[in-house]
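Undergrad: Contents of protein26.txt (compact mmCIF, C-alpha atoms):
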```
# COMPACT_ATOMS: atom_id res chain seq x y z
CA MET A 18 125.61 109.48 98.72
CA GLU A 19 124.02 107.89 95.67
CA LEU A 20 120.33 107.28 96.24
CA LEU A 21 119.68 103.60 95.59
CA LEU A 22 115.98 102.91 95.16
CA SER A 23 114.14 99.64 94.89
CA ASP A 24 112.05 98.94 91.80
CA GLU A 25 108.92 99.73 93.80
CA GLN A 26 110.33 103.06 94.98
CA LYS A 27 111.35 104.00 91.43
CA LEU A 28 107.84 103.20 90.22
CA LEU A 29 106.36 105.32 93.01
CA ARG A 30 108.64 108.25 92.18
CA ASP A 31 107.93 108.05 88.46
CA SER A 32 104.17 107.76 88.94
CA ALA A 33 104.31 110.76 91.29
CA ALA A 34 106.15 112.78 88.65
CA THR A 35 103.47 111.89 86.11
CA LEU A 36 100.65 112.88 88.46
CA VAL A 37 102.31 116.20 89.31
CA GLU A 38 102.92 116.97 85.64
CA ARG A 39 99.22 116.41 84.98
CA SER A 40 97.73 118.10 88.04
CA ALA A 41 100.15 120.90 89.02
CA GLY A 42 102.81 123.21 87.65
CA PRO A 43 103.51 126.96 87.47
CA LYS A 44 100.30 127.76 85.57
CA ARG A 45 98.14 126.08 88.20
CA ALA A 46 100.15 127.73 90.99
CA ARG A 47 99.38 131.14 89.50
CA GLU A 48 95.67 130.34 89.23
CA LEU A 49 95.49 129.31 92.88
CA ARG A 50 97.46 132.35 94.00
CA ASP A 51 95.21 134.72 92.08
CA ASN A 52 92.09 133.01 93.46
CA SER A 53 93.47 132.97 97.05
CA GLU A 54 93.11 129.19 97.24
CA GLU A 55 95.38 127.51 99.79
CA THR A 56 94.83 123.97 98.59
CA ASP A 57 94.15 122.70 95.11
CA ARG A 58 91.08 120.54 95.70
CA ALA A 59 91.26 118.94 92.26
CA ALA A 60 94.87 117.92 92.83
CA TRP A 61 93.96 116.79 96.34
CA LYS A 62 91.52 114.28 94.89
CA ASP A 63 94.23 112.94 92.58
CA VAL A 64 96.69 112.71 95.48
CA ALA A 65 94.20 110.76 97.59
CA GLU A 66 93.33 108.37 94.77
CA ALA A 67 97.05 107.72 94.22
CA GLY A 68 97.33 106.62 97.86
CA TRP A 69 99.85 109.27 98.92
CA LEU A 70 97.94 110.25 102.04
CA GLY A 71 98.10 106.69 103.32
CA ILE A 72 101.79 106.04 102.69
CA LEU A 73 102.72 106.15 106.38
CA ALA A 74 99.49 104.75 107.85
CA GLY A 75 99.18 101.06 108.65
CA GLU A 76 97.14 98.68 106.56
CA GLY A 77 94.59 98.39 109.37
CA SER A 78 93.60 102.01 108.73
CA GLY A 79 93.54 101.60 104.96
CA GLY A 80 97.10 102.81 104.48
CA LEU A 81 100.09 101.38 102.65
CA GLY A 82 102.35 100.84 105.67
CA LEU A 83 105.40 102.34 103.93
CA GLY A 84 108.02 104.68 105.33
CA MET A 85 109.29 108.23 105.35
CA THR A 86 111.53 107.52 102.36
CA GLU A 87 108.51 106.75 100.17
CA LEU A 88 106.64 109.81 101.42
CA ALA A 89 109.66 112.02 100.73
CA LEU A 90 109.86 110.69 97.16
CA VAL A 91 106.32 111.83 96.32
CA ILE A 92 106.59 115.12 98.23
CA GLU A 93 109.79 115.93 96.34
CA GLN A 94 107.86 115.60 93.08
CA ALA A 95 105.04 117.74 94.50
CA GLY A 96 107.63 120.42 95.30
CA CYS A 97 108.94 120.25 91.73
CA GLY A 98 105.44 121.03 90.49
CA LEU A 99 104.69 123.71 93.11
CA MET A 100 101.67 121.64 94.15
CA ALA A 101 99.45 123.40 96.69
CA ALA A 102 98.57 120.41 98.86
CA PRO A 103 99.51 119.70 102.52
CA ILE A 104 100.52 116.12 101.74
CA ALA A 105 103.00 115.68 104.57
CA ALA A 106 100.62 117.12 107.17
CA ALA A 107 97.80 114.78 106.17
CA ALA A 108 99.97 111.68 105.79
CA VAL A 109 101.61 112.21 109.19
CA ALA A 110 98.23 112.86 110.82
CA ALA A 111 96.76 109.69 109.27
CA ARG A 112 99.57 107.62 110.73
CA ALA A 113 99.26 109.20 114.18
CA LEU A 114 95.50 108.72 114.28
CA GLY A 115 95.86 105.16 113.02
CA GLU A 116 98.20 104.41 115.93
CA SER A 117 96.05 106.13 118.55
CA ASP A 118 94.37 104.54 121.56
CA SER A 119 90.91 105.48 120.24
CA PRO A 120 88.95 103.06 118.00
CA LYS A 121 87.02 106.03 116.54
CA LEU A 122 90.19 107.79 115.44
CA ARG A 123 91.74 104.59 114.09
CA ASP A 124 88.68 103.28 112.27
CA GLU A 125 86.87 106.47 111.16
CA ILE A 126 89.05 109.58 111.07
CA ALA A 127 92.30 108.04 109.78
CA PRO A 128 90.56 106.32 106.82
CA ALA A 129 88.72 109.58 106.03
CA ILE A 130 92.05 111.41 105.79
CA ILE A 131 93.51 108.72 103.56
CA ALA A 132 90.48 108.94 101.27
CA GLY A 133 90.93 112.70 100.98
CA ASP A 134 87.64 113.49 102.71
CA LEU A 135 89.31 115.30 105.63
CA ILE A 136 92.42 117.46 105.90
CA VAL A 137 93.97 117.23 109.35
CA ALA A 138 97.10 119.11 110.43
CA ALA A 139 99.26 119.25 113.52
CA ALA A 140 98.83 122.30 115.75
CA LEU A 141 101.75 121.95 118.13
CA GLN A 142 103.75 125.18 118.31
CA GLU A 143 103.16 127.98 120.80
CA GLN A 144 106.45 129.89 120.92
CA ARG A 145 107.01 132.76 118.52
CA GLN A 146 110.74 132.52 119.12
CA GLY A 147 112.32 129.08 118.86
CA VAL A 148 111.07 125.83 117.40
CA ASP A 149 110.95 123.48 120.39
CA LEU A 150 107.74 122.05 121.78
CA ASP A 151 108.74 122.55 125.42
CA ASN A 152 106.82 124.62 127.97
CA ILE A 153 103.39 123.98 126.46
CA THR A 154 100.84 126.26 128.12
CA THR A 155 97.68 124.87 126.48
CA GLY A 156 95.87 123.27 129.38
CA ALA A 157 93.82 120.07 129.49
CA ALA A 158 91.41 120.06 132.43
CA ALA A 159 89.57 116.89 133.37
CA ASP A 160 85.90 116.82 132.36
CA GLY A 161 84.33 113.50 133.27
CA THR A 162 86.01 110.91 131.06
CA GLY A 163 87.16 113.60 128.66
CA LEU A 164 89.05 116.89 128.73
CA ARG A 165 88.56 120.63 128.29
CA LEU A 166 91.26 122.38 126.28
CA THR A 167 92.17 126.05 126.70
CA GLY A 168 95.06 127.76 124.97
CA SER A 169 96.38 128.77 121.56
CA LYS A 170 98.60 127.42 118.78
CA ILE A 171 100.42 129.46 116.18
CA PHE A 172 101.98 129.09 112.71
CA ILE A 173 99.23 126.83 111.34
CA ARG A 174 99.86 126.36 107.60
CA ASN A 175 96.96 126.48 105.10
CA PRO A 176 94.42 127.26 107.86
CA GLY A 177 91.53 127.76 105.48
CA ALA A 178 91.78 124.20 104.19
CA VAL A 179 92.10 122.31 107.49
CA ASP A 180 89.15 120.34 108.89
CA GLY A 181 90.74 119.18 112.15
CA TYR A 182 93.85 119.48 114.28
CA LEU A 183 96.18 117.34 116.34
CA VAL A 184 96.68 119.38 119.51
CA ASN A 185 99.18 118.77 122.30
CA ALA A 186 98.33 119.99 125.79
CA THR A 187 99.34 119.56 129.42
CA GLY A 188 96.99 118.10 132.04
CA LEU A 189 97.28 117.30 135.73
CA GLU A 190 98.62 113.84 134.95
CA GLY A 191 100.96 114.97 132.18
CA PRO A 192 100.94 115.67 128.44
CA VAL A 193 98.15 114.55 126.13
CA LEU A 194 97.59 114.57 122.38
CA CYS A 195 94.05 115.21 121.12
CA TYR A 196 92.04 115.49 117.94
CA VAL A 197 89.96 118.67 117.67
CA THR A 198 87.56 119.47 114.83
CA ARG A 199 87.50 122.91 113.27
CA ASP A 200 83.79 123.42 113.96
CA ALA A 201 83.86 122.35 117.63
CA ASP A 202 82.43 124.81 120.18
CA GLY A 203 85.15 127.13 121.47
CA VAL A 204 87.46 126.65 118.46
CA SER A 205 88.39 129.69 116.38
CA MET A 206 90.98 130.33 113.70
CA GLU A 207 92.57 133.65 112.77
CA ILE A 208 94.61 134.29 109.63
CA THR A 209 97.76 135.95 110.95
CA ALA A 210 99.76 136.27 107.72
CA ASN A 211 99.31 136.00 103.98
CA ASN A 212 102.38 134.26 102.63
CA ILE A 213 104.36 135.43 99.63
CA ASP A 214 103.51 132.28 97.67
CA GLY A 215 99.75 132.80 97.98
CA GLY A 216 99.20 130.58 101.03
CA ALA A 217 98.45 131.71 104.55
CA THR A 218 99.42 131.13 108.17
CA GLY A 219 96.99 131.16 111.07
CA ALA A 220 96.58 130.91 114.83
CA LEU A 221 94.26 128.42 116.51
CA TYR A 222 92.42 129.47 119.67
CA LEU A 223 90.86 126.98 122.06
CA ASN A 224 88.40 128.27 124.64
CA ASN A 225 87.23 125.51 127.00
CA VAL A 226 86.88 123.07 124.09
CA ALA A 227 85.32 119.75 125.05
CA VAL A 228 87.29 116.68 123.94
CA GLY A 229 85.69 113.31 124.53
CA GLN A 230 87.64 110.23 125.48
CA GLU A 231 87.23 108.94 121.94
CA ASP A 232 89.14 111.99 120.60
CA ILE A 233 92.25 111.52 122.77
CA LEU A 234 95.07 110.01 120.72
CA ALA A 235 97.40 109.34 123.63
CA GLY A 236 97.88 110.07 127.30
CA PRO A 237 101.02 110.84 129.34
CA ASN A 238 102.76 107.56 128.50
CA ARG A 239 102.63 107.87 124.70
CA ALA A 240 101.87 111.53 123.97
CA PRO A 241 105.45 112.92 124.22
CA GLY A 242 106.86 110.33 121.83
CA MET A 243 103.98 110.66 119.36
CA THR A 244 104.21 114.46 119.40
CA ASP A 245 107.95 114.43 118.73
CA ASP A 246 107.48 111.88 115.94
CA ILE A 247 104.81 114.03 114.27
CA HIS A 248 107.03 117.11 114.52
CA ASP A 249 110.09 115.33 113.13
CA LYS A 250 108.21 113.87 110.18
CA MET A 251 106.69 117.27 109.37
CA LEU A 252 110.21 118.73 109.22
CA LEU A 253 111.36 115.94 106.89
CA GLY A 254 108.33 116.52 104.70
CA LEU A 255 109.20 120.20 104.41
CA GLY A 256 112.77 119.24 103.57
CA ALA A 257 111.54 117.02 100.74
CA GLU A 258 109.28 119.75 99.37
CA LEU A 259 112.09 122.30 99.49
CA LEU A 260 114.32 119.83 97.64
CA GLY A 261 111.74 119.56 94.86
CA VAL A 262 111.37 123.33 94.61
CA MET A 263 115.09 123.99 94.21
CA GLU A 264 115.60 120.97 91.96
CA GLN A 265 113.05 122.26 89.46
CA ALA A 266 114.41 125.81 89.74
CA LEU A 267 117.86 124.50 88.82
CA ASP A 268 116.53 122.41 85.91
CA THR A 269 114.59 125.38 84.56
CA THR A 270 117.66 127.58 84.80
CA VAL A 271 119.96 125.10 83.06
CA GLU A 272 117.52 124.86 80.16
CA TYR A 273 117.43 128.66 79.96
CA LEU A 274 121.24 128.81 79.89
CA LYS A 275 121.18 126.54 76.83
CA VAL A 276 118.86 128.71 74.74
CA ARG A 277 119.55 132.29 75.85
CA GLU A 278 122.25 133.82 73.65
CA GLN A 279 124.53 136.75 74.15
CA PHE A 280 127.41 137.78 71.88
CA ASP A 281 126.19 135.04 69.50
CA ARG A 282 126.83 132.33 72.09
CA PRO A 283 124.57 130.52 74.58
CA ILE A 284 125.15 132.10 77.97
CA GLY A 285 125.62 128.60 79.36
CA SER A 286 129.05 128.64 77.69
CA PHE A 287 130.20 131.43 80.03
CA GLN A 288 132.43 130.01 82.73
CA ALA A 289 131.07 132.22 85.50
CA LEU A 290 127.54 130.91 84.95
CA GLN A 291 128.80 127.35 84.66
CA HIS A 292 130.49 127.65 88.05
CA ARG A 293 127.34 129.07 89.62
CA ALA A 294 125.19 126.30 88.13
CA VAL A 295 127.60 123.68 89.50
CA ASN A 296 127.45 125.26 92.94
CA ASN A 297 123.66 125.09 92.80
CA TYR A 298 123.84 121.45 91.72
CA VAL A 299 126.03 120.69 94.73
CA GLU A 300 123.49 122.37 97.03
CA VAL A 301 120.68 120.26 95.56
CA GLU A 302 122.56 116.97 95.75
CA THR A 303 123.94 117.46 99.26
CA THR A 304 120.43 118.28 100.45
CA ARG A 305 119.12 115.16 98.73
CA SER A 306 121.81 113.01 100.34
CA LEU A 307 121.11 114.31 103.85
CA LEU A 308 117.34 114.09 103.47
CA TYR A 309 117.24 110.49 102.31
CA GLN A 310 119.87 109.32 104.78
CA VAL A 311 117.80 110.76 107.62
CA CYS A 312 114.57 109.32 106.17
CA ALA A 313 116.21 105.88 105.95
CA ALA A 314 117.35 106.19 109.55
CA ALA A 315 113.83 107.14 110.62
CA ASP A 316 112.39 104.13 108.80
CA ASP A 317 114.87 101.87 110.61
CA GLY A 318 113.98 103.30 114.02
CA ARG A 319 117.23 105.27 114.26
CA GLY A 320 115.79 108.73 113.63
CA SER A 321 116.29 111.69 115.93
CA SER A 322 114.90 115.17 116.39
CA ALA A 323 118.39 116.59 115.95
CA MET A 324 118.72 115.11 112.46
CA ALA A 325 115.22 116.26 111.50
CA SER A 326 116.30 119.80 112.39
CA ALA A 327 119.51 119.30 110.40
CA VAL A 328 117.45 118.46 107.31
CA LYS A 329 115.18 121.48 107.76
CA ALA A 330 118.14 123.81 108.29
CA LYS A 331 120.06 122.48 105.28
CA ALA A 332 117.04 122.44 102.96
CA SER A 333 115.91 125.94 103.98
CA GLY A 334 119.28 127.53 103.36
CA ALA A 335 119.98 125.61 100.15
CA ALA A 336 116.57 126.29 98.61
CA LEU A 337 116.86 130.02 99.18
CA SER A 338 120.40 130.05 97.77
CA VAL A 339 119.50 128.04 94.66
CA THR A 340 116.28 129.89 93.83
CA LYS A 341 117.88 133.31 94.33
CA SER A 342 120.73 132.26 92.08
CA ALA A 343 118.22 131.02 89.51
CA ILE A 344 116.58 134.45 89.44
CA GLN A 345 119.95 136.12 88.88
CA MET A 346 121.03 133.77 86.11
CA HIS A 347 117.80 134.50 84.24
CA GLY A 348 118.79 138.14 84.18
CA GLY A 349 116.18 140.89 83.98
CA ILE A 350 113.34 138.57 82.95
CA GLY A 351 113.86 136.56 86.13
CA PHE A 352 112.85 139.55 88.22
CA THR A 353 109.52 139.97 86.44
CA ASP A 354 106.32 138.42 87.72
CA GLU A 355 105.58 137.05 84.27
CA HIS A 356 108.37 134.46 84.40
CA ASP A 357 107.77 131.19 86.25
CA ILE A 358 111.14 131.14 87.99
CA GLY A 359 109.95 133.68 90.54
CA LEU A 360 107.28 131.24 91.75
CA HIS A 361 110.01 128.89 92.94
CA LEU A 362 111.71 131.60 94.97
CA LYS A 363 108.42 132.60 96.57
CA ARG A 364 107.59 129.00 97.48
CA ALA A 365 111.10 128.50 98.87
CA MET A 366 110.74 131.62 101.01
CA ALA A 367 107.43 130.42 102.45
CA LEU A 368 108.58 126.86 103.11
CA SER A 369 111.96 127.84 104.55
CA ALA A 370 110.21 129.91 107.22
CA ALA A 371 107.58 127.25 108.07
CA TYR A 372 108.11 125.54 111.45
CA GLY A 373 111.35 127.45 111.94
CA ASN A 374 113.96 128.89 109.58
CA GLU A 375 117.54 127.82 108.95
CA ALA A 376 119.00 129.69 111.91
CA ALA A 377 116.42 128.34 114.37
CA HIS A 378 117.01 124.74 113.34
CA ARG A 379 120.79 125.08 113.30
CA THR A 380 120.53 126.25 116.91
CA ARG A 381 118.19 123.39 117.79
CA TYR A 382 120.44 120.85 116.09
CA ALA A 383 123.47 122.07 118.02
CA ARG A 384 121.61 121.92 121.33
CA LEU A 385 120.12 118.48 120.77
CA SER A 386 123.42 117.08 119.50
CA ASP A 387 125.18 118.21 122.68
CA ALA A 388 122.48 116.80 124.96
```
Since I need it in another form, could you write the structure as structure tokens?
TA:
Amino acid sequence: MELLLSDEQKLLRDSAATLVERSAGPKRARELRDNSEETDRAAWKDVAEAGWLGILAGEGSGGLGLGMTELALVIEQAGCGLMAAPIAAAAVAARALGESDSPKLRDEIAPAIIAGDLIVAAALQEQRQGVDLDNITTGAAADGTGLRLTGSKIFIRNPGAVDGYLVNATGLEGPVLCYVTRDADGVSMEITANNIDGGATGALYLNNVAVGQEDILAGPNRAPGMTDDIHDKMLLGLGAELLGVMEQALDTTVEYLKVREQFDRPIGSFQALQHRAVNNYVEVETTRSLLYQVCAAADDGRGSSAMASAVKAKASGAALSVTKSAIQMHGGIGFTDEHDIGLHLKRAMALSAAYGNEAAHRTRYARLSDA
């Protein structure tokens, strides 16, 4: 499918590419990795000023009121530049908080996220095997007009940079979705893994954490739908970032094939490498087609969790295939840490595993499609 963009969407994509070229790139990715930084705070300021964090949020919260297609366009460019910034997590959280039942969350917290003053991420997953959000064991006990949360959440990305969490739990009256600050009494975070790309993954522990009525996004009527929507949009955001990573890896490799010579000829003239480059191009473009078709469906109210999993499965597998191939086509230098191409493989490995790998989402897609 050819991606047909409006003039406004083209301008957004091009301005995003310019920002990423200025604020990110392989050199900056190395600096952050060596300094153990999970989020580039300087780039985060640029991202906030550009309005990316408010793309999904409504105008009442200070957002732009755009759709998932527009968010995917900027995240794709961020992936191209290996930008260390949880853009999708913050943008999705800003929208959810802006649509919450709480005036405090709508009028204070959502605008703070959009301005770049707070980083808020979803903490939804509890199962180590599987990617569904069923059988939630985090409990929400009544406490006056508020709640007390007890339980744990796993696979939190960039835990050192997050200021607050969107937490799903189960109470006596049904599921709820709450906002919990990092420094609240009873909240603790443990780094459970240092990722290959320099980021980290953590587990969130909640021990009788008090949540006031003003910090409850939604009760039993709205919480399931909001939680699924957050999860689906996070998967699409990861798909867009993976697309950017493999797209830049392919572009870098094609340029290398033009200048690297062997037997007095550019190696790009060798048919075997041409065929491999074409196969990689097909992987990139089929991923792009699926991603933006699903984003368009989501913007039109036709999105589904099955298709979000399809995007994550396709993007995870394609990104690993393309970046591994890029390493091989660079030859020996591609396997060294000094060359930038290895950074794309490492980012692809980290992102492909986030919120479930290719196999997990293929299984989920098949189950949801049959339901």
Undergrad: If we count all atoms listed in the file and set the cut-off at 8 Å, which residues sit around segment 28-31 of chain A, ignoring sequence neighbours fewer than 3 positions away in its own chain? Please answer as a PyMOL selection string.
TA: chain A and resi 24-25+34-35+87+90-91+94
Undergrad: Just the residues within 7 Å of segment 154-168 of chain A, please, counting all atoms listed in the file, with nothing from its chain fewer than 4 positions along; format it as a short mmCIF file (atom, residue, chain, number, x, y, z; two decimals) with C-alpha atoms, in the coordinates of the input.
TA:
```cif
data_model
loop_
_atom_site.label_atom_id
_atom_site.label_comp_id
_atom_site.auth_asym_id
_atom_site.auth_seq_id
_atom_site.Cartn_x
_atom_site.Cartn_y
_atom_site.Cartn_z
CA ALA A 186 98.33 119.99 125.79
CA THR A 187 99.34 119.56 129.42
CA GLY A 188 96.99 118.10 132.04
CA TYR A 222 92.42 129.47 119.67
CA LEU A 223 90.86 126.98 122.06
CA ASN A 224 88.40 128.27 124.64
CA ASN A 225 87.23 125.51 127.00
CA VAL A 226 86.88 123.07 124.09
CA ALA A 227 85.32 119.75 125.05
CA VAL A 228 87.29 116.68 123.94
CA GLY A 229 85.69 113.31 124.53
CA GLN A 230 87.64 110.23 125.48
#
```
Undergrad: Measuring atom to atom with all atoms listed in the file, identify which of A:Thr209, A:Ser369, A:Ser322, A:Ser40 is nearest to Arg381 of chain A.
TA: A:Ser322
Undergrad: Which of these, A:Pro120, A:Gly177, A:Pro128, A:Gly348, has the shortest distance to Pro103 of chain A once you count all atoms listed in the file?
TA: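 Of the candidates, the smallest distance to Pro103 of chain A is held by A:Gly177.
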Undergrad: Point out the residue among A:Ala65, A:Ala108, A:Leu141, A:Leu221 with the least atom-to-atom distance to Asp200 of chain A, counting only C-alpha atoms.
TA: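 Closest candidate: A:Leu221.
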Undergrad: Leu267 of chain A: which residues within 9 Å, counting all atoms listed in the file, same-chain residues fewer than 2 positions away excluded, as a PyMOL selection string?
TA: chain A and resi 262-265+269-272+294+297-298+301+339-340+342-343
Undergrad: Can you measure atom CA of Pro43 of chain A to atom CA of Gly215 of chain A for me? One decimal in Å is fine.
TA: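 Result for atom CA of Pro43 of chain A versus atom CA of Gly215 of chain A: 12.6 Å, one decimal.
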Undergrad: Given all atoms listed in the file as the basis, pick out the residue of A:Leu274, A:Ala67, A:Ala102, A:Cys97 nearest to Gln288 of chain A.
TA: A:Leu274
Undergrad: Taking only C-alpha atoms into account, name the residue in A:Ile213, A:Leu259, A:Ala335, A:Cys195 that is nearest to Ala240 of chain A.
TA: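 Of A:Ile213, A:Leu259, A:Ala335, A:Cys195, the one nearest Ala240 of chain A, counting only C-alpha atoms, is A:Cys195.
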Undergrad: How many Å separate atom CA of Leu189 of chain A from atom CA of Ala127 of chain A?
TA: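 Answer for the atom CA of Leu189 of chain A to atom CA of Ala127 of chain A separation: 28.0 Å.
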Undergrad: Around the point (118.9, 111.3, 103.7) (coordinates from the file), which residues reach within 12 Å if we count only C-alpha atoms? Answer as a PyMOL selection string.
TA: chain A and resi 18-21+85-87+89-90+253-254+256-257+260+302-316+320+324-325+327-329+331-332
Undergrad: Any idea what's packed within 8 Å of Gly71 of chain A, counting only C-alpha atoms, ignoring anything in its chain fewer than 3 positions away? Could you give it as number ranges by chain?
TA: A: 68, 74-75, 79-82, 108, 111-112, 131
Undergrad: Which one is closest to Thr380 of chain A: A:Ala139, A:Met206, A:Ala330, A:Leu360? Count all atoms listed in the file.
TA: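 Checking each of A:Ala139, A:Met206, A:Ala330, A:Leu360 against Thr380 of chain A, counting all atoms listed in the file, the winner is A:Ala330.
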Undergrad: Report, in Å with one decimal, the straight-line distance from atom CA of Asn374 of chain A to atom CA of Leu49 of chain A.
TA: 24.9 Å
Undergrad: For Leu362 of chain A, find every residue with an atom within 8 Å (counting all atoms listed in the file), except residues of its own chain fewer than 2 positions away, and show them as a PDB file with C-alpha atoms, keeping the file's coordinate frame.
TA:
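around.pdb was written with the following content:
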```pdb
ATOM      1  CA  LEU A 337     116.860 130.020  99.180  1.00  0.00           C
ATOM      2  CA  THR A 340     116.280 129.890  93.830  1.00  0.00           C
ATOM      3  CA  LYS A 341     117.880 133.310  94.330  1.00  0.00           C
ATOM      4  CA  ILE A 344     116.580 134.450  89.440  1.00  0.00           C
ATOM      5  CA  ILE A 358     111.140 131.140  87.990  1.00  0.00           C
ATOM      6  CA  GLY A 359     109.950 133.680  90.540  1.00  0.00           C
ATOM      7  CA  LEU A 360     107.280 131.240  91.750  1.00  0.00           C
ATOM      8  CA  ARG A 364     107.590 129.000  97.480  1.00  0.00           C
ATOM      9  CA  ALA A 365     111.100 128.500  98.870  1.00  0.00           C
ATOM     10  CA  MET A 366     110.740 131.620 101.010  1.00  0.00           C
TER      11      MET A 366
END
```
